[in-house]
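*Asks:* Take a look at the following structure, please.
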Amino acid sequence: MKINCLLFNYFTALDAFGPAEVFGCLEKMYQVEYFSLSGGKIKSNRSNIKVSTKPLASIQDHDILLIPGGFGIRAEVDNRELIDRIRELALKSKYVLTVCTGSALLARTGLMKQKKATTNKLSFAWVMEQDTEVEWIKKARWVVDGKFYSSSGVSAGIDMALGFVRDVHGKEIAQTIAKALEYIWNADKDNDPFVN
């Protein structure tokens, strides 16, 4: 399955690369590619990582859309061209996964109305403002509503990706990946230890 990871300037690196590392442990099943609205080099937030991306218009396989968060989201929620493109891709995709404030971009498409979702706890109020008709669940580490998966902040994206693997491939494979990554998996999606 192809994982189309949407990047934008000042994305949070772990939001994107944490789940990518989980899926990379199943490299015969998943291939991660990186895209941005126009393609080209995209810069991460604090870590100053630069990623070469392809234009969103070049996506051909619509298996999984992965949307990380980051400080760049604050500007991108008003980027109508990007929001329209995300809506189009989300409708075509088999699954849509958001990490942290990435759920704000998905919320702006209108596709999450009357659906359950969560987001970064420190930015929760701001993300809720992007669409008040979403059923935002603050206590959750990650939320599943149909084909939509949304996670809390940063490291929760790894937990969600492992949860996705558990849902699709079984608990044993998810646990094997967590062990290989030497990662202590918060496997209870309904309880985020960082909720305030």
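We name chains A, B, ... following the order of the structure tokens; residues begin at 1 in each chain, and ligands are numbered from 1 as shown.
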Considering only C-alpha atoms, return as an MDAnalysis selection string whatever protein or nucleic-acid residues lie within 7 Å of stretch 65-77 of chain A, sequence-local ones (same chain, fewer than 4 positions apart) excluded.
*Replies:* chainID A and resid 3:6 8:12 15:16 45 90 93 95:102 105 108
*Asks:* As number ranges by chain, please: every residue in stretch 92-168 of chain A that a backbone DSSP assignment puts in strand (DSSP E or B).
*Replies:* A: 95-98, 116-117, 135-136, 142-145, 148-151
*Asks:* Write the residues of the preceding selection, restricted to N, CA and C atoms, as a PDB file, in the first residue's frame.
*Replies:*
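result_14.pdb, freshly written:
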ATOM      1  N   TYR A  95      -7.739   5.113   3.523  1.00  0.00           N
ATOM      2  CA  TYR A  95      -7.604   5.550   4.909  1.00  0.00           C
ATOM      3  C   TYR A  95      -6.986   6.942   4.934  1.00  0.00           C
ATOM      4  N   VAL A  96      -7.341   7.712   5.971  1.00  0.00           N
ATOM      5  CA  VAL A  96      -6.733   9.023   6.197  1.00  0.00           C
ATOM      6  C   VAL A  96      -6.269   9.067   7.644  1.00  0.00           C
ATOM      7  N   LEU A  97      -4.965   9.332   7.842  1.00  0.00           N
ATOM      8  CA  LEU A  97      -4.375   9.391   9.175  1.00  0.00           C
ATOM      9  C   LEU A  97      -3.837  10.792   9.422  1.00  0.00           C
ATOM     10  N   THR A  98      -4.231  11.390  10.552  1.00  0.00           N
ATOM     11  CA  THR A  98      -3.681  12.697  10.910  1.00  0.00           C
ATOM     12  C   THR A  98      -2.948  12.590  12.237  1.00  0.00           C
ATOM     13  N   LYS A 116     -15.886  11.710  14.862  1.00  0.00           N
ATOM     14  CA  LYS A 116     -15.035  11.821  16.039  1.00  0.00           C
ATOM     15  C   LYS A 116     -13.583  12.013  15.627  1.00  0.00           C
ATOM     16  N   ALA A 117     -12.860  12.822  16.405  1.00  0.00           N
ATOM     17  CA  ALA A 117     -11.443  13.067  16.132  1.00  0.00           C
ATOM     18  C   ALA A 117     -10.777  13.604  17.392  1.00  0.00           C
ATOM     19  N   GLU A 135     -16.801  16.064  16.414  1.00  0.00           N
ATOM     20  CA  GLU A 135     -16.905  15.607  17.799  1.00  0.00           C
ATOM     21  C   GLU A 135     -15.489  15.395  18.338  1.00  0.00           C
ATOM     22  N   TRP A 136     -14.894  16.450  18.846  1.00  0.00           N
ATOM     23  CA  TRP A 136     -13.512  16.423  19.326  1.00  0.00           C
ATOM     24  C   TRP A 136     -13.448  15.715  20.681  1.00  0.00           C
ATOM     25  N   TRP A 142      -5.689   8.388  20.483  1.00  0.00           N
ATOM     26  CA  TRP A 142      -6.058   8.485  19.069  1.00  0.00           C
ATOM     27  C   TRP A 142      -7.491   8.014  18.913  1.00  0.00           C
ATOM     28  N   VAL A 143      -8.097   8.403  17.800  1.00  0.00           N
ATOM     29  CA  VAL A 143      -9.508   8.122  17.540  1.00  0.00           C
ATOM     30  C   VAL A 143      -9.644   7.508  16.154  1.00  0.00           C
ATOM     31  N   VAL A 144     -10.539   6.540  16.054  1.00  0.00           N
ATOM     32  CA  VAL A 144     -10.861   5.928  14.766  1.00  0.00           C
ATOM     33  C   VAL A 144     -12.342   6.167  14.489  1.00  0.00           C
ATOM     34  N   ASP A 145     -12.649   6.734  13.344  1.00  0.00           N
ATOM     35  CA  ASP A 145     -14.034   6.897  12.911  1.00  0.00           C
ATOM     36  C   ASP A 145     -14.097   6.521  11.435  1.00  0.00           C
ATOM     37  N   PHE A 148     -11.107   7.224   9.007  1.00  0.00           N
ATOM     38  CA  PHE A 148     -10.325   8.343   9.542  1.00  0.00           C
ATOM     39  C   PHE A 148      -9.701   7.984  10.892  1.00  0.00           C
ATOM     40  N   TYR A 149      -8.393   8.134  10.957  1.00  0.00           N
ATOM     41  CA  TYR A 149      -7.642   7.973  12.205  1.00  0.00           C
ATOM     42  C   TYR A 149      -7.034   9.334  12.540  1.00  0.00           C
ATOM     43  N   SER A 150      -7.185   9.777  13.783  1.00  0.00           N
ATOM     44  CA  SER A 150      -6.551  11.025  14.210  1.00  0.00           C
ATOM     45  C   SER A 150      -5.870  10.784  15.542  1.00  0.00           C
ATOM     46  N   SER A 151      -4.712  11.406  15.734  1.00  0.00           N
ATOM     47  CA  SER A 151      -3.985  11.199  16.983  1.00  0.00           C
ATOM     48  C   SER A 151      -3.705  12.506  17.681  1.00  0.00           C
TER      49      SER A 151
END
*Asks:* Pick out each residue of stretch 82-181 of chain A that DSSP on the backbone tags as helix (DSSP H, G or I); I need them as a PyMOL selection string.
*Replies:* chain A and resi 82-92+102-108+121-130+156-169+171-180
*Asks:* How about saving the chosen residues, C-alpha atoms kept, as a PDB file, in the first residue's frame?
*Replies:*
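Result written to result-v8.pdb:
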ATOM      1  CA  LEU A  82      -4.332  23.073  -0.252  1.00  0.00           C
ATOM      2  CA  ILE A  83      -7.578  22.420   1.644  1.00  0.00           C
ATOM      3  CA  ASP A  84      -9.428  21.663  -1.597  1.00  0.00           C
ATOM      4  CA  ARG A  85      -6.667  19.269  -2.648  1.00  0.00           C
ATOM      5  CA  ILE A  86      -6.716  17.529   0.746  1.00  0.00           C
ATOM      6  CA  ARG A  87     -10.488  17.108   0.469  1.00  0.00           C
ATOM      7  CA  GLU A  88     -10.125  15.550  -2.970  1.00  0.00           C
ATOM      8  CA  LEU A  89      -7.366  13.183  -1.796  1.00  0.00           C
ATOM      9  CA  ALA A  90      -9.178  12.254   1.419  1.00  0.00           C
ATOM     10  CA  LEU A  91     -12.312  11.313  -0.511  1.00  0.00           C
ATOM     11  CA  LYS A  92     -10.269   9.038  -2.792  1.00  0.00           C
ATOM     12  CA  GLY A 102      -2.800  17.767  11.103  1.00  0.00           C
ATOM     13  CA  SER A 103      -6.428  17.150  12.061  1.00  0.00           C
ATOM     14  CA  ALA A 104      -7.019  20.902  11.688  1.00  0.00           C
ATOM     15  CA  LEU A 105      -6.294  20.674   7.961  1.00  0.00           C
ATOM     16  CA  LEU A 106      -8.647  17.720   7.578  1.00  0.00           C
ATOM     17  CA  ALA A 107     -11.319  19.483   9.638  1.00  0.00           C
ATOM     18  CA  ARG A 108     -11.165  22.496   7.305  1.00  0.00           C
ATOM     19  CA  LYS A 121      -3.766  18.731  23.679  1.00  0.00           C
ATOM     20  CA  LEU A 122      -1.789  21.998  23.832  1.00  0.00           C
ATOM     21  CA  SER A 123      -3.493  23.265  20.658  1.00  0.00           C
ATOM     22  CA  PHE A 124      -6.872  21.639  21.291  1.00  0.00           C
ATOM     23  CA  ALA A 125      -8.957  24.820  21.563  1.00  0.00           C
ATOM     24  CA  TRP A 126      -7.470  26.291  18.380  1.00  0.00           C
ATOM     25  CA  VAL A 127      -7.978  23.093  16.383  1.00  0.00           C
ATOM     26  CA  MET A 128     -11.590  22.832  17.593  1.00  0.00           C
ATOM     27  CA  GLU A 129     -12.224  26.287  16.121  1.00  0.00           C
ATOM     28  CA  GLN A 130     -11.403  24.970  12.641  1.00  0.00           C
ATOM     29  CA  ALA A 156       0.903   9.795  19.665  1.00  0.00           C
ATOM     30  CA  GLY A 157       1.325   9.394  15.914  1.00  0.00           C
ATOM     31  CA  ILE A 158       3.522   6.361  16.582  1.00  0.00           C
ATOM     32  CA  ASP A 159       0.885   4.931  18.914  1.00  0.00           C
ATOM     33  CA  MET A 160      -1.795   5.507  16.276  1.00  0.00           C
ATOM     34  CA  ALA A 161       0.309   3.924  13.517  1.00  0.00           C
ATOM     35  CA  LEU A 162       0.835   0.852  15.708  1.00  0.00           C
ATOM     36  CA  GLY A 163      -2.921   0.867  16.388  1.00  0.00           C
ATOM     37  CA  PHE A 164      -3.587   0.972  12.660  1.00  0.00           C
ATOM     38  CA  VAL A 165      -1.219  -1.973  12.153  1.00  0.00           C
ATOM     39  CA  ARG A 166      -3.045  -3.842  14.929  1.00  0.00           C
ATOM     40  CA  ASP A 167      -6.417  -3.145  13.291  1.00  0.00           C
ATOM     41  CA  VAL A 168      -5.253  -4.272   9.855  1.00  0.00           C
ATOM     42  CA  HIS A 169      -2.640  -6.957  10.598  1.00  0.00           C
ATOM     43  CA  LYS A 171      -1.912  -7.339  17.671  1.00  0.00           C
ATOM     44  CA  GLU A 172       1.112  -9.626  17.425  1.00  0.00           C
ATOM     45  CA  ILE A 173       2.572  -7.795  14.418  1.00  0.00           C
ATOM     46  CA  ALA A 174       2.014  -4.412  16.081  1.00  0.00           C
ATOM     47  CA  GLN A 175       3.739  -5.608  19.255  1.00  0.00           C
ATOM     48  CA  THR A 176       6.635  -7.033  17.223  1.00  0.00           C
ATOM     49  CA  ILE A 177       7.153  -3.643  15.547  1.00  0.00           C
ATOM     50  CA  ALA A 178       7.023  -1.801  18.885  1.00  0.00           C
ATOM     51  CA  LYS A 179       9.649  -4.189  20.254  1.00  0.00           C
ATOM     52  CA  ALA A 180      11.860  -3.757  17.174  1.00  0.00           C
TER      53      ALA A 180
END
*Asks:* From the set A:Asp78, A:Lys94, A:Thr53, A:Ser38, which residue has the shortest atom-to-atom contact distance to A:Thr109, counting only C-alpha atoms?
*Replies:* A:Asp78
*Asks:* Under the rule that only C-alpha atoms are counted, which of A:Gln114, A:Gln31, A:Ser47, A:Ser155 is the nearest residue to A:Trp185?
*Replies:*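 Smallest separation from A:Trp185 among the options: A:Ser155.
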*Asks:* Rank nothing, just name the residue among A:Ile184, A:Lys138, A:Leu7, A:Phe23 nearest to A:Ser44, using only C-alpha atoms.
*Replies:*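 Among the listed residues, A:Leu7 lies closest to A:Ser44.
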*Asks:* Hey, can you check how far atom CA of A:Met112 sits from atom CA of A:Lys147?
*Replies:*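 Interatomic distance here is 11.0 Å.
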*Asks:* Work out how far atom CA of A:Thr118 is from atom CA of A:Phe35, in Å to one decimal.
*Replies:*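 One can read the atom CA of A:Phe35 to atom CA of A:Thr118 distance as 23.6 Å.
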*Asks:* In Å, with one decimal, what is the gap from atom CA of A:Asn120 to atom CA of A:Lys41?
*Replies:* 25.8 Å
*Asks:* So which one's closest to A:Asp190, A:Lys139, A:Lys2, A:Ala20, A:Arg80? Using only C-alpha atoms, please.
*Replies:*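 The closest residue to A:Asp190 is A:Lys139.
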